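Beneath this line is the structure, given in structure tokens, with notes to follow.
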Amino acid sequence: MIYITGDLHGGSYAEKLERYASPELYELTRDDYLIVAGDFGLPWPGADYSDENCAWLESRLWTTLFIDGNHEHYPFLDGLATESFFGGRASRLPDFPHLIHLKRGEVYDLPNESGSSRVFCMGGAESVVDRRWRQEGWDWWPQELPDEDELAHGEESLARVGWKVDYVVTHCASSRMQYHARWPSAASAAPQPNRLTAWLDMLEDKLGFDYWYMGHYHKDTGLDEAHGVIFDMVVPLGAALPGNVEEEWR
């Protein structure tokens, strides 16, 4: 089985794995997976909570997979050794071998009860509101946005599979979906497009997929029949998120 959830922020929101998970989550094994859709926030060198929260997640029954968001310690993640992982590249956390970083622009054929699910991952997002009080080199790095080489690598990975996957997992939305993902909020106007959100627009047009999951927006809602924002909920990969924001606009 493969499940998916939203941001953990270093473990600040890890209680969702007990509050919102279905009983089936606690019947999993190391051969089953829980994907975190960015802002994993672990490890964080120098933070008291880091090793304790990594150890708690390592002790769970399943294997935790995560993409990066815009609140990560990028120098740490960038320094990890990479390995082959179900058709893509990934990095295991030192001392916590069942916590695995799924790299930007990779396609994975993750095993499940019916065979496998082909999943494309692209981490990263732009900090907007909170950028003003974060300090570069301490809790903010320009690596939060993928560079052109990472985006090009994503296109190469997708070309190898004929631009068709089962699921997309990103941290942020494409430019065209940003307002949908953020609404309603106190700052409901979508931020300006950047190189990542514009590139994700290209994926919207070119990539064949069944469902697109994104974290980042701290809500749980379906945006349409093929896109969902996930935060607290823990759902099987392939499940549509409940609700449809577009219905509330009318």
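Numbering starts fresh at 1 for the residues of each chain in the structure tokens, the chains themselves are lettered A, B, ... in the order given, and ligands are numbered from 1 as they appear.
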
If we count only C-alpha atoms, what is near Ser59 of chain A at a cut-off of 12 Å, once residues fewer than 5 positions away on the same chain are taken out, given as JSON, numbers by chain?
{"A": [26, 29, 30, 52, 53, 54, 64, 95, 96, 97, 98, 99]}

Identify, on the basis of only C-alpha atoms, every residue whose closest approach to segment 147-159 of chain A does not exceed 8 Å; exclude the query and any residue fewer than 2 positions from it along the same chain; express the result as number ranges by chain.
A: 104-107, 120, 122, 143, 145, 161-164, 196, 199

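For the pair atom CA of Lys16 of chain A and atom CA of Gly243 of chain A, the separation is 19.6 Å.
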
Which of segment 74-130 of chain A DSSP labels strand (DSSP E or B), written as a ChimeraX atom specification
/A:83-85,88-93,96-102,106-112,115-122

Would you output that residue set with N, CA and C atoms, as a PDB file, in the first residue's frame?
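Output (again_14.pdb):
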ATOM      1  N   GLU A  83      21.052   7.006  -4.260  1.00  0.00           N
ATOM      2  CA  GLU A  83      20.998   5.606  -4.650  1.00  0.00           C
ATOM      3  C   GLU A  83      19.840   5.410  -5.608  1.00  0.00           C
ATOM      4  N   SER A  84      19.842   4.307  -6.293  1.00  0.00           N
ATOM      5  CA  SER A  84      18.722   3.960  -7.160  1.00  0.00           C
ATOM      6  C   SER A  84      17.565   3.480  -6.311  1.00  0.00           C
ATOM      7  N   PHE A  85      16.366   3.940  -6.659  1.00  0.00           N
ATOM      8  CA  PHE A  85      15.192   3.601  -5.860  1.00  0.00           C
ATOM      9  C   PHE A  85      13.993   3.496  -6.785  1.00  0.00           C
ATOM     10  N   GLY A  88      14.173   5.630  -9.946  1.00  0.00           N
ATOM     11  CA  GLY A  88      14.638   7.000  -9.805  1.00  0.00           C
ATOM     12  C   GLY A  88      15.783   7.089  -8.828  1.00  0.00           C
ATOM     13  N   ARG A  89      16.191   8.304  -8.509  1.00  0.00           N
ATOM     14  CA  ARG A  89      17.243   8.531  -7.530  1.00  0.00           C
ATOM     15  C   ARG A  89      16.622   8.997  -6.218  1.00  0.00           C
ATOM     16  N   ALA A  90      17.225   8.577  -5.117  1.00  0.00           N
ATOM     17  CA  ALA A  90      16.717   8.955  -3.800  1.00  0.00           C
ATOM     18  C   ALA A  90      17.877   8.957  -2.809  1.00  0.00           C
ATOM     19  N   SER A  91      17.637   9.528  -1.620  1.00  0.00           N
ATOM     20  CA  SER A  91      18.638   9.572  -0.564  1.00  0.00           C
ATOM     21  C   SER A  91      18.018   9.130   0.753  1.00  0.00           C
ATOM     22  N   ARG A  92      18.684   8.183   1.428  1.00  0.00           N
ATOM     23  CA  ARG A  92      18.254   7.770   2.768  1.00  0.00           C
ATOM     24  C   ARG A  92      18.924   8.663   3.796  1.00  0.00           C
ATOM     25  N   LEU A  93      18.187   8.981   4.863  1.00  0.00           N
ATOM     26  CA  LEU A  93      18.769   9.798   5.915  1.00  0.00           C
ATOM     27  C   LEU A  93      19.729   8.954   6.739  1.00  0.00           C
ATOM     28  N   PHE A  96      18.689   6.784   9.810  1.00  0.00           N
ATOM     29  CA  PHE A  96      17.240   6.574   9.706  1.00  0.00           C
ATOM     30  C   PHE A  96      16.932   6.035   8.312  1.00  0.00           C
ATOM     31  N   PRO A  97      17.250   4.771   8.063  1.00  0.00           N
ATOM     32  CA  PRO A  97      17.204   4.235   6.697  1.00  0.00           C
ATOM     33  C   PRO A  97      15.815   4.105   6.102  1.00  0.00           C
ATOM     34  N   HIS A  98      14.766   4.283   6.918  1.00  0.00           N
ATOM     35  CA  HIS A  98      13.407   4.198   6.393  1.00  0.00           C
ATOM     36  C   HIS A  98      12.774   5.575   6.223  1.00  0.00           C
ATOM     37  N   LEU A  99      13.616   6.604   6.213  1.00  0.00           N
ATOM     38  CA  LEU A  99      13.202   7.963   5.864  1.00  0.00           C
ATOM     39  C   LEU A  99      13.975   8.325   4.606  1.00  0.00           C
ATOM     40  N   ILE A 100      13.272   8.495   3.497  1.00  0.00           N
ATOM     41  CA  ILE A 100      13.917   8.558   2.187  1.00  0.00           C
ATOM     42  C   ILE A 100      13.449   9.787   1.422  1.00  0.00           C
ATOM     43  N   HIS A 101      14.419  10.586   0.972  1.00  0.00           N
ATOM     44  CA  HIS A 101      14.142  11.798   0.197  1.00  0.00           C
ATOM     45  C   HIS A 101      14.016  11.437  -1.279  1.00  0.00           C
ATOM     46  N   LEU A 102      12.863  11.716  -1.865  1.00  0.00           N
ATOM     47  CA  LEU A 102      12.631  11.530  -3.290  1.00  0.00           C
ATOM     48  C   LEU A 102      13.091  12.794  -4.021  1.00  0.00           C
ATOM     49  N   GLU A 106      12.292  13.203 -10.577  1.00  0.00           N
ATOM     50  CA  GLU A 106      12.424  11.761 -10.740  1.00  0.00           C
ATOM     51  C   GLU A 106      11.059  11.093 -10.924  1.00  0.00           C
ATOM     52  N   VAL A 107      11.076   9.970 -11.640  1.00  0.00           N
ATOM     53  CA  VAL A 107       9.901   9.120 -11.804  1.00  0.00           C
ATOM     54  C   VAL A 107      10.176   7.805 -11.090  1.00  0.00           C
ATOM     55  N   TYR A 108       9.239   7.397 -10.242  1.00  0.00           N
ATOM     56  CA  TYR A 108       9.389   6.174  -9.462  1.00  0.00           C
ATOM     57  C   TYR A 108       8.242   5.222  -9.779  1.00  0.00           C
ATOM     58  N   ASP A 109       8.568   3.944  -9.897  1.00  0.00           N
ATOM     59  CA  ASP A 109       7.554   2.904 -10.021  1.00  0.00           C
ATOM     60  C   ASP A 109       7.436   2.218  -8.668  1.00  0.00           C
ATOM     61  N   LEU A 110       6.567   2.762  -7.821  1.00  0.00           N
ATOM     62  CA  LEU A 110       6.455   2.290  -6.446  1.00  0.00           C
ATOM     63  C   LEU A 110       5.525   1.092  -6.375  1.00  0.00           C
ATOM     64  N   PRO A 111       5.964   0.014  -5.730  1.00  0.00           N
ATOM     65  CA  PRO A 111       5.131  -1.192  -5.673  1.00  0.00           C
ATOM     66  C   PRO A 111       3.917  -0.994  -4.780  1.00  0.00           C
ATOM     67  N   ASN A 112       2.802  -1.549  -5.223  1.00  0.00           N
ATOM     68  CA  ASN A 112       1.598  -1.542  -4.404  1.00  0.00           C
ATOM     69  C   ASN A 112       0.878  -2.873  -4.582  1.00  0.00           C
ATOM     70  N   GLY A 115       0.371  -4.030  -8.225  1.00  0.00           N
ATOM     71  CA  GLY A 115       1.522  -4.042  -9.121  1.00  0.00           C
ATOM     72  C   GLY A 115       2.454  -2.905  -8.804  1.00  0.00           C
ATOM     73  N   SER A 116       2.241  -1.744  -9.445  1.00  0.00           N
ATOM     74  CA  SER A 116       3.048  -0.570  -9.140  1.00  0.00           C
ATOM     75  C   SER A 116       2.301   0.679  -9.576  1.00  0.00           C
ATOM     76  N   SER A 117       2.691   1.807  -8.981  1.00  0.00           N
ATOM     77  CA  SER A 117       2.168   3.113  -9.352  1.00  0.00           C
ATOM     78  C   SER A 117       3.330   3.962  -9.825  1.00  0.00           C
ATOM     79  N   ARG A 118       3.184   4.575 -10.989  1.00  0.00           N
ATOM     80  CA  ARG A 118       4.234   5.437 -11.531  1.00  0.00           C
ATOM     81  C   ARG A 118       3.992   6.862 -11.023  1.00  0.00           C
ATOM     82  N   VAL A 119       4.976   7.386 -10.291  1.00  0.00           N
ATOM     83  CA  VAL A 119       4.823   8.664  -9.593  1.00  0.00           C
ATOM     84  C   VAL A 119       5.934   9.611 -10.024  1.00  0.00           C
ATOM     85  N   PHE A 120       5.567  10.804 -10.472  1.00  0.00           N
ATOM     86  CA  PHE A 120       6.546  11.847 -10.780  1.00  0.00           C
ATOM     87  C   PHE A 120       6.606  12.825  -9.609  1.00  0.00           C
ATOM     88  N   CYS A 121       7.813  13.172  -9.191  1.00  0.00           N
ATOM     89  CA  CYS A 121       8.013  14.060  -8.042  1.00  0.00           C
ATOM     90  C   CYS A 121       8.828  15.281  -8.441  1.00  0.00           C
ATOM     91  N   MET A 122       8.377  16.440  -8.005  1.00  0.00           N
ATOM     92  CA  MET A 122       9.149  17.673  -8.149  1.00  0.00           C
ATOM     93  C   MET A 122       8.954  18.510  -6.901  1.00  0.00           C
TER      94      MET A 122
END

From segment 4-250 of chain A, collect each residue whose DSSP state is helix (DSSP H, G or I) and return the set as a VMD selection string.
chain A and resid 9 to 11 16 to 19 23 to 27 49 to 58 74 to 78 129 to 133 142 to 144 148 to 160 175 to 182 195 to 206 245 to 249

With 10 Å as the cut-off and only C-alpha atoms counted, what is the closest atom pair between each nearby residue of segment 51-74 of chain A and segment 166-177 of chain A? Distances in Å to one decimal, ordered by chain and number, as CSV.
residue,atom,partner,partner_atom,distance
A:Phe66,CA,A:Val169,CA,9.7
A:Ile67,CA,A:Thr170,CA,7.5
A:Asp68,CA,A:His171,CA,7.3
A:Gly69,CA,A:His171,CA,5.5
A:Asn70,CA,A:His171,CA,8.1
